[in-house]
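J.: Please find run.cif (mmCIF, C-alpha atoms) on the next line:
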data_entry
loop_
_atom_site.group_PDB
_atom_site.id
_atom_site.type_symbol
_atom_site.label_atom_id
_atom_site.label_comp_id
_atom_site.auth_asym_id
_atom_site.auth_seq_id
_atom_site.Cartn_x
_atom_site.Cartn_y
_atom_site.Cartn_z
ATOM 1 C CA MET H 1 -2.401 -4.971 19.067
ATOM 2 C CA ALA H 2 0.066 -2.156 19.684
ATOM 3 C CA LEU H 3 2.704 -0.593 17.495
ATOM 4 C CA ILE H 4 6.050 -2.197 18.387
ATOM 5 C CA GLY H 5 8.443 0.264 16.785
ATOM 6 C CA LYS H 6 8.211 3.938 16.121
ATOM 7 C CA LEU H 7 7.346 6.008 13.090
ATOM 8 C CA GLU H 8 9.940 8.333 11.609
ATOM 9 C CA LEU H 9 8.222 11.563 10.576
ATOM 10 C CA ILE H 10 9.497 12.807 7.204
ATOM 11 C CA GLY H 11 7.222 15.774 6.620
ATOM 12 C CA GLU H 12 3.760 17.190 6.106
ATOM 13 C CA TRP H 13 1.884 17.721 2.862
ATOM 14 C CA THR H 14 0.802 21.337 2.384
ATOM 15 C CA ASP H 15 -0.726 22.787 -0.796
ATOM 16 C CA GLY H 16 0.260 19.673 -2.771
ATOM 17 C CA ARG H 17 3.914 19.808 -1.685
ATOM 18 C CA LEU H 18 5.768 17.757 0.867
ATOM 19 C CA GLU H 19 7.381 20.070 3.397
ATOM 20 C CA LEU H 20 10.203 18.063 4.892
ATOM 21 C CA THR H 21 10.855 18.346 8.598
ATOM 22 C CA GLU H 22 14.223 19.876 9.360
ATOM 23 C CA GLU H 23 14.990 17.120 11.809
ATOM 24 C CA ARG H 24 13.297 13.765 11.411
ATOM 25 C CA ARG H 25 11.455 12.802 14.573
ATOM 26 C CA MET H 26 10.627 9.401 15.912
ATOM 27 C CA LEU H 27 6.965 9.142 16.924
ATOM 28 C CA ASP H 28 4.981 6.668 18.954
ATOM 29 C CA MET H 29 1.187 6.419 18.669
ATOM 30 C CA ASP H 30 0.600 8.920 21.479
ATOM 31 C CA MET H 31 2.726 11.517 19.685
ATOM 32 C CA LEU H 32 1.027 10.781 16.353
ATOM 33 C CA ASN H 33 -2.410 11.125 17.940
ATOM 34 C CA GLU H 34 -1.316 14.436 19.469
ATOM 35 C CA ILE H 35 -0.285 15.758 16.033
ATOM 36 C CA ILE H 36 -3.550 14.571 14.483
ATOM 37 C CA THR H 37 -5.777 16.155 17.131
ATOM 38 C CA SER H 38 -3.780 19.400 17.172
ATOM 39 C CA LYS H 39 -4.484 19.751 13.446
ATOM 40 C CA ILE H 40 -8.184 19.224 14.210
ATOM 41 C CA TYR H 41 -8.278 16.059 12.162
ATOM 42 C CA GLU H 42 -7.179 17.704 8.912
ATOM 43 C CA THR H 43 -3.594 16.778 8.079
ATOM 44 C CA ASP H 44 -1.485 14.813 5.620
ATOM 45 C CA LEU H 45 1.761 13.375 6.980
ATOM 46 C CA GLN H 46 4.514 11.312 5.467
ATOM 47 C CA PHE H 47 6.634 8.979 7.586
ATOM 48 C CA LEU H 48 8.617 5.769 7.524
ATOM 49 C CA LEU H 49 6.837 2.710 8.880
ATOM 50 C CA ALA H 50 9.148 -0.300 9.183
ATOM 51 C CA GLY H 51 11.376 1.366 6.581
ATOM 52 C CA LEU H 52 8.611 1.973 4.019
ATOM 53 C CA VAL H 53 7.415 5.400 2.922
ATOM 54 C CA THR H 54 3.871 5.829 4.199
ATOM 55 C CA THR H 55 1.427 8.671 3.684
ATOM 56 C CA LEU H 56 -1.331 9.272 6.189
ATOM 57 C CA GLY H 57 -4.232 11.598 5.475
ATOM 58 C CA ILE H 58 -6.626 12.546 8.250
ATOM 59 C CA HIS H 59 -9.945 14.195 7.484
ATOM 60 C CA CYS H 60 -13.441 14.470 8.933
ATOM 61 C CA GLU H 61 -16.429 12.966 7.216
ATOM 62 C CA ASP H 62 -19.782 13.773 8.796
ATOM 63 C CA ASP H 63 -17.860 14.959 11.890
ATOM 64 C CA ILE H 64 -16.184 11.549 12.216
ATOM 65 C CA PRO H 65 -12.364 11.569 11.950
ATOM 66 C CA ARG H 66 -11.130 9.138 9.283
ATOM 67 C CA TYR H 67 -7.760 8.102 7.922
ATOM 68 C CA ALA H 68 -6.497 7.322 4.434
ATOM 69 C CA LEU H 69 -3.300 5.298 4.452
ATOM 70 C CA GLU H 70 -0.908 4.712 1.542
ATOM 71 C CA VAL H 71 2.119 2.417 1.948
ATOM 72 C CA HIS H 72 4.774 2.163 -0.787
ATOM 73 C CA PHE H 73 6.435 -1.239 -1.342
ATOM 74 C CA PRO H 74 9.426 -0.996 -3.687
ATOM 75 C CA LEU H 75 9.814 -4.248 -5.616
ATOM 76 C CA SER H 76 12.782 -3.274 -7.766
ATOM 77 C CA CYS H 77 16.235 -1.949 -7.020
ATOM 78 C CA GLY H 78 18.479 0.494 -8.809
ATOM 79 C CA GLU H 79 19.761 -0.356 -12.267
ATOM 80 C CA GLY H 80 22.796 -2.609 -12.126
ATOM 81 C CA GLU H 81 22.290 -3.460 -8.444
ATOM 82 C CA GLU H 82 22.121 -7.075 -7.359
ATOM 83 C CA TYR H 83 18.656 -7.981 -6.114
ATOM 84 C CA ASP H 84 18.088 -9.994 -2.963
ATOM 85 C CA ILE H 85 15.389 -12.490 -3.940
ATOM 86 C CA ASN H 86 14.639 -13.160 -0.249
ATOM 87 C CA VAL H 87 13.613 -9.524 0.192
ATOM 88 C CA LEU H 88 11.331 -9.771 -2.839
ATOM 89 C CA GLU H 89 9.727 -12.976 -1.524
ATOM 90 C CA GLN H 90 9.171 -11.382 1.911
ATOM 91 C CA ARG H 91 7.546 -8.330 0.319
ATOM 92 C CA ILE H 92 5.296 -10.494 -1.843
ATOM 93 C CA ARG H 93 4.152 -12.391 1.279
ATOM 94 C CA ALA H 94 3.544 -9.059 3.027
ATOM 95 C CA LEU H 95 1.537 -7.744 0.062
ATOM 96 C CA LYS H 96 -0.611 -10.874 0.012
ATOM 97 C CA GLU H 97 -1.307 -10.492 3.723
ATOM 98 C CA LEU H 98 -2.189 -6.805 3.360
ATOM 99 C CA LYS H 99 -4.537 -7.691 0.492
ATOM 100 C CA ASN H 100 -6.188 -10.221 2.834
ATOM 101 C CA GLN H 101 -6.538 -7.445 5.414
ATOM 102 C CA GLY H 102 -8.500 -5.289 3.000
ATOM 103 C CA PHE H 103 -5.816 -3.135 1.397
ATOM 104 C CA TYR H 104 -6.282 -2.090 -2.220
ATOM 105 C CA LEU H 105 -3.059 -2.736 -4.189
ATOM 106 C CA VAL H 106 -2.002 -0.667 -7.213
ATOM 107 C CA GLY H 107 1.124 -1.125 -9.336
ATOM 108 C CA ASP H 108 3.357 1.878 -9.947
ATOM 109 C CA ARG H 109 5.602 2.504 -12.955
ATOM 110 C CA GLY H 110 8.592 2.941 -10.686
ATOM 111 C CA GLY H 111 8.596 -0.762 -9.846
ATOM 112 C CA SER H 112 6.627 -0.529 -6.642
ATOM 113 C CA VAL H 113 3.199 -1.337 -5.293
ATOM 114 C CA LYS H 114 1.082 1.189 -3.428
ATOM 115 C CA CYS H 115 -1.262 -0.178 -0.775
ATOM 116 C CA TYR H 116 -4.342 1.857 0.172
ATOM 117 C CA LYS H 117 -6.820 1.594 3.001
ATOM 118 C CA GLU H 118 -9.287 3.953 4.656
ATOM 119 C CA GLY H 119 -11.120 3.771 7.951
ATOM 120 C CA ALA H 120 -12.025 5.390 11.249
ATOM 121 C CA THR H 121 -9.103 6.918 13.143
ATOM 122 C CA ASP H 122 -10.088 4.763 16.124
ATOM 123 C CA ASP H 123 -8.712 1.822 14.101
ATOM 124 C CA LEU H 124 -5.493 3.558 12.999
ATOM 125 C CA GLU H 125 -3.173 2.221 15.706
ATOM 126 C CA ASP H 126 -4.259 -1.369 15.075
ATOM 127 C CA GLU H 127 -3.875 -0.846 11.322
ATOM 128 C CA LEU H 128 -0.325 0.508 11.663
ATOM 129 C CA ALA H 129 0.564 -2.299 14.072
ATOM 130 C CA SER H 130 -0.748 -4.936 11.662
ATOM 131 C CA ILE H 131 1.338 -3.489 8.818
ATOM 132 C CA GLU H 132 4.375 -3.496 11.063
ATOM 133 C CA ALA H 133 3.696 -7.121 12.102
ATOM 134 C CA VAL H 134 3.331 -8.228 8.472
ATOM 135 C CA LEU H 135 6.651 -6.609 7.603
ATOM 136 C CA ALA H 136 8.425 -8.175 10.568
ATOM 137 C CA GLU H 137 7.567 -11.737 9.485
#
Let me see the file written as structure tokens.

T.:
Amino acid sequence: MALIGKLELIGEWTDGRLELTEERRMLDMDMLNEIITSKIYETDLQFLLAGLVTTLGIHCEDDIPRYALEVHFPLSCGEGEEYDINVLEQRIRALKELKNQGFYLVGDRGGSVKCYKEGATDDLEDELASIEAVLAE
């Protein structure tokens, strides 16, 4: 499975702070892999994946590069805004599918759900593509 769309890089986490990129860049998997390897497998990036804020941490464990992925699914809208129930139903279906794919789901006070998964960086492209596919349904 390959990533259909592109990722929009928002910034990089440094010393506990998100340093926003001056100009948001669109990335494909080759560009993302280039960033990861240039940081010698120690980086934390934030980007948009199919419109959802996603945080990607790359680290080495026993000299094996691994990823930690966190995807934020907002389930509420701003106060006083009309909510599109179809969007909510689509996100619930997507969350159920991600849970079936091994994601750990955690509720957030802000009316969203955070989805977590870790694995070997060799599986990262397939993981991002599966998230994208779930969101496109």

J.: What does the distance from CA of Phe47 in chain H to CA of Leu7 in chain H come to in Å, to one decimal?

T.: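 Taking CA of Phe47 in chain H and CA of Leu7 in chain H, their separation equals 6.3 Å.
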
J.: Tell me, in Å to one decimal, how far CA of Gly119 in chain H is from CA of Leu9 in chain H.

T.: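 These atoms are spaced 21.0 Å apart.
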
J.: Apply the PyMOL selection byres ((chain H and resi 111) around 7) to the structure shown and report the selected residues as a ChimeraX atom specification.

T.: /H:74-76,108-110,112

J.: Just the number, please: distance in Å from CA of Glu8 in chain H to CA of Leu48 in chain H, one decimal.

T.: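 Between CA of Glu8 in chain H and CA of Leu48 in chain H the gap is 5.0 Å.
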
J.: With distances taken over all atoms listed in the file, which residue among H:Thr21, H:Thr54, H:Asn100, H:Asn86 lies nearest Glu132 in chain H?

T.: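 Ranking H:Thr21, H:Thr54, H:Asn100, H:Asn86 by distance to Glu132 in chain H, first place goes to H:Thr54.
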
J.: Could you tell me which residues the PyMOL selection byres ((chain H and resi 12) around 10) returns for this structure, as a short mmCIF file (atom, residue, chain, number, x, y, z; two decimals) with C-alpha atoms, keeping the file's coordinate frame?

T.:
data_model
loop_
_atom_site.label_atom_id
_atom_site.label_comp_id
_atom_site.auth_asym_id
_atom_site.auth_seq_id
_atom_site.Cartn_x
_atom_site.Cartn_y
_atom_site.Cartn_z
CA LEU H 9 8.22 11.56 10.58
CA ILE H 10 9.50 12.81 7.20
CA GLY H 11 7.22 15.77 6.62
CA TRP H 13 1.88 17.72 2.86
CA THR H 14 0.80 21.34 2.38
CA ASP H 15 -0.73 22.79 -0.80
CA GLY H 16 0.26 19.67 -2.77
CA ARG H 17 3.91 19.81 -1.68
CA LEU H 18 5.77 17.76 0.87
CA GLU H 19 7.38 20.07 3.40
CA LEU H 20 10.20 18.06 4.89
CA THR H 21 10.86 18.35 8.60
CA THR H 43 -3.59 16.78 8.08
CA ASP H 44 -1.48 14.81 5.62
CA LEU H 45 1.76 13.38 6.98
CA GLN H 46 4.51 11.31 5.47
CA PHE H 47 6.63 8.98 7.59
CA THR H 55 1.43 8.67 3.68
CA LEU H 56 -1.33 9.27 6.19
CA GLY H 57 -4.23 11.60 5.48
#

J.: Can you give me, as JSON, numbers by chain, the residues this file yields under the PyMOL selection byres ((chain H and resi 60) around 10)?

T.: {"H": [40, 41, 42, 58, 59, 61, 62, 63, 64, 65, 66, 67, 120, 121]}

J.: Ranking H:Ala129, H:Ile36, H:Leu52, H:Val134 by minimum distance to Lys114 in chain H and counting all atoms listed in the file, which one comes first?

T.: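 Once distances to Lys114 in chain H are computed over all atoms listed in the file, the minimum belongs to H:Leu52.
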
J.: Between H:Arg93, H:Lys99, H:Lys6, H:Arg25, single out the one closest to Ala50 in chain H, counting all atoms listed in the file.

T.: H:Lys6
